[in-house]
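Q: If you scroll down you'll find the structure; I have some questions about it.
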Amino acid sequence: MNSKDLRIVYMGTPDFAVAPLKALVEGGYNIVAVVTTPDKPSGRGLKVNESAVKRYAMEVGLPILQPVRLRDEEFVEAFKALNADLGIVIAFRMLPEIIWAEPRLGTFNLHASLLPQYRGAAPINRAIMNGETVAGVTTFLLNPRIDEGAVLGQEKVEIEPCDNVGTLHDKLMSVGVDLVLETVDKIAAGDITPIEQEAMMEGELKPAPKIFKEDCHIDFSLTGKEVQNLVRGLSPYPAAWAQLTESLTAKIFEVEFLPGAVECEPGTILSDERKYIHVAVADGLVNIKELQLSGKKRMTAEELLRGFRNITSYKFS
């Protein structure tokens, strides 16, 4: 079957899901509907916030479904009426079987890791936080278990020492677009053999659970490399943080590890009060390059020190 003749339902929400949808539309694939989250009021004026996927779908005139509950009879019937051949899910909600099993050829997901490693909600963050040097994307068929379906395709991406979540996200999104198109074409041609994840397992599995505020707190008693990986794995969002005073916190976006012997407690601040802010860790110092104090804008260490006096009288905790 020609892949352009497949009736495809696309399900996604954030920016990560826009690029593959755009590639499918511009490539002439038949997107019969887009499913995304309902609009939500947000901000001080409670302005209605539409998902990135919805905004793009509206631009190109695609039919849009925004169910509050995926099991609602009205949505289920509308979904079935689409007579979809294939479902594609990218950064969306967990689907019930009545939805993912409906398309004739099944439903596949694009996950931002090399499954079976880093199953879960935060694979990009967790990979960097754990000091990985290789990441990737995977397409896999949905089944009743989250992120455990048979793998259809994978592409690896190197994690450079300078990468953070923002830069790695963009790399994976670019590679993911190509993998989604390749997967659709192979499914249409019958030229794909799903591989069960059990057959791909090597060593200990590393999970990728959702990131909470406590996961972002910097423990300066760790090694410099561990602190650096935590900061990279959370920058630019949600951002690693540390307590400076009882009422003042600092989000930290970029650090440089300076190994060496240090004769002071972890969290101790060393500075010339003009250009640099160093913080003691287990095996040296971390040089804080960019940070943001609560209530202030993001700035370099040098910019902060122009208006923050006697920073060495404080200590991070």
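Scheme for the structure tokens: letters A, B, ... for chains in order shown; per-chain residue numbers from 1; ligand numbers from 1 in order shown.
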Within stretch 71-276 of chain A, find each residue whose DSSP state, derived from the backbone, is helix (DSSP H, G or I), and express the selection as a PyMOL selection string.
A: chain A and resi 73-80+97-100+123-129+165-189+197-200+213-216+224-232
Q: Within 8 Å of A:Pro103, counting only C-alpha atoms, which residues qualify if same-chain residues fewer than 2 places away don't, as an NGL selection string?
A: :A and (83-87 or 99-101 or 105-107)
Q: Save the residues we just selected, C-alpha atoms, as a PDB file, in the first residue's frame?
A:
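selection.pdb was written with the following content:
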ATOM      1  CA  ASN A  83     -11.723   4.682   9.882  1.00  0.00           C
ATOM      2  CA  ALA A  84      -8.039   5.174  10.578  1.00  0.00           C
ATOM      3  CA  ASP A  85      -5.438   2.831   9.159  1.00  0.00           C
ATOM      4  CA  LEU A  86      -2.706   4.048  11.509  1.00  0.00           C
ATOM      5  CA  GLY A  87      -2.380   6.039  14.707  1.00  0.00           C
ATOM      6  CA  ILE A  99      -8.389   3.992  21.109  1.00  0.00           C
ATOM      7  CA  TRP A 100      -4.890   2.678  20.369  1.00  0.00           C
ATOM      8  CA  ALA A 101      -6.197  -0.658  19.118  1.00  0.00           C
ATOM      9  CA  LEU A 105      -2.450  -1.234  11.433  1.00  0.00           C
ATOM     10  CA  GLY A 106      -2.143  -0.248  15.075  1.00  0.00           C
ATOM     11  CA  THR A 107      -0.798   2.860  16.788  1.00  0.00           C
TER      12      THR A 107
END
Q: From the options A:Val157, A:Leu181, A:Leu6, A:Val227, which residue's atoms come nearest to A:Glu132, counting only C-alpha atoms?
A: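 Distance minimum relative to A:Glu132 lands on A:Val157.
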Q: Quick one: contact table of stretch 147-209 of chain A to stretch 255-276 of chain A, 12 Å max, nearest atom pair and distance in Å to one decimal per residue, counting only C-alpha atoms, chain and number order, as a tab-separated table?
A:
residue	atom	partner	partner_atom	distance
A:Pro161	CA	A:Glu256	CA	10.6
A:Cys162	CA	A:Glu256	CA	10.1
A:Asn164	CA	A:Val255	CA	11.2
Q: Would you put the residues from that selection into a file with C-alpha atoms, as a PDB file, in the first residue's frame?
A:
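Done, and the output landed in out_16.pdb:
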ATOM      1  CA  PRO A 161      29.555  17.565  26.907  1.00  0.00           C
ATOM      2  CA  CYS A 162      28.037  20.972  26.114  1.00  0.00           C
ATOM      3  CA  ASN A 164      21.692  20.371  27.979  1.00  0.00           C
TER       4      ASN A 164
END
Q: In Å, with one decimal, what is the gap from atom CA of A:Phe308 to atom CA of A:Lys213?
A: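 Those two atoms sit 25.8 Å apart.
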Q: Taking the DSSP secondary structure from the backbone, can you list the residues of stretch 60-305 of chain A that are strand (DSSP E), as a PyMOL selection string?
A: chain A and resi 64-65+86-90+107-111+134-141+151-158+240-243+249-259+269-271+277-281+284-293+299-300
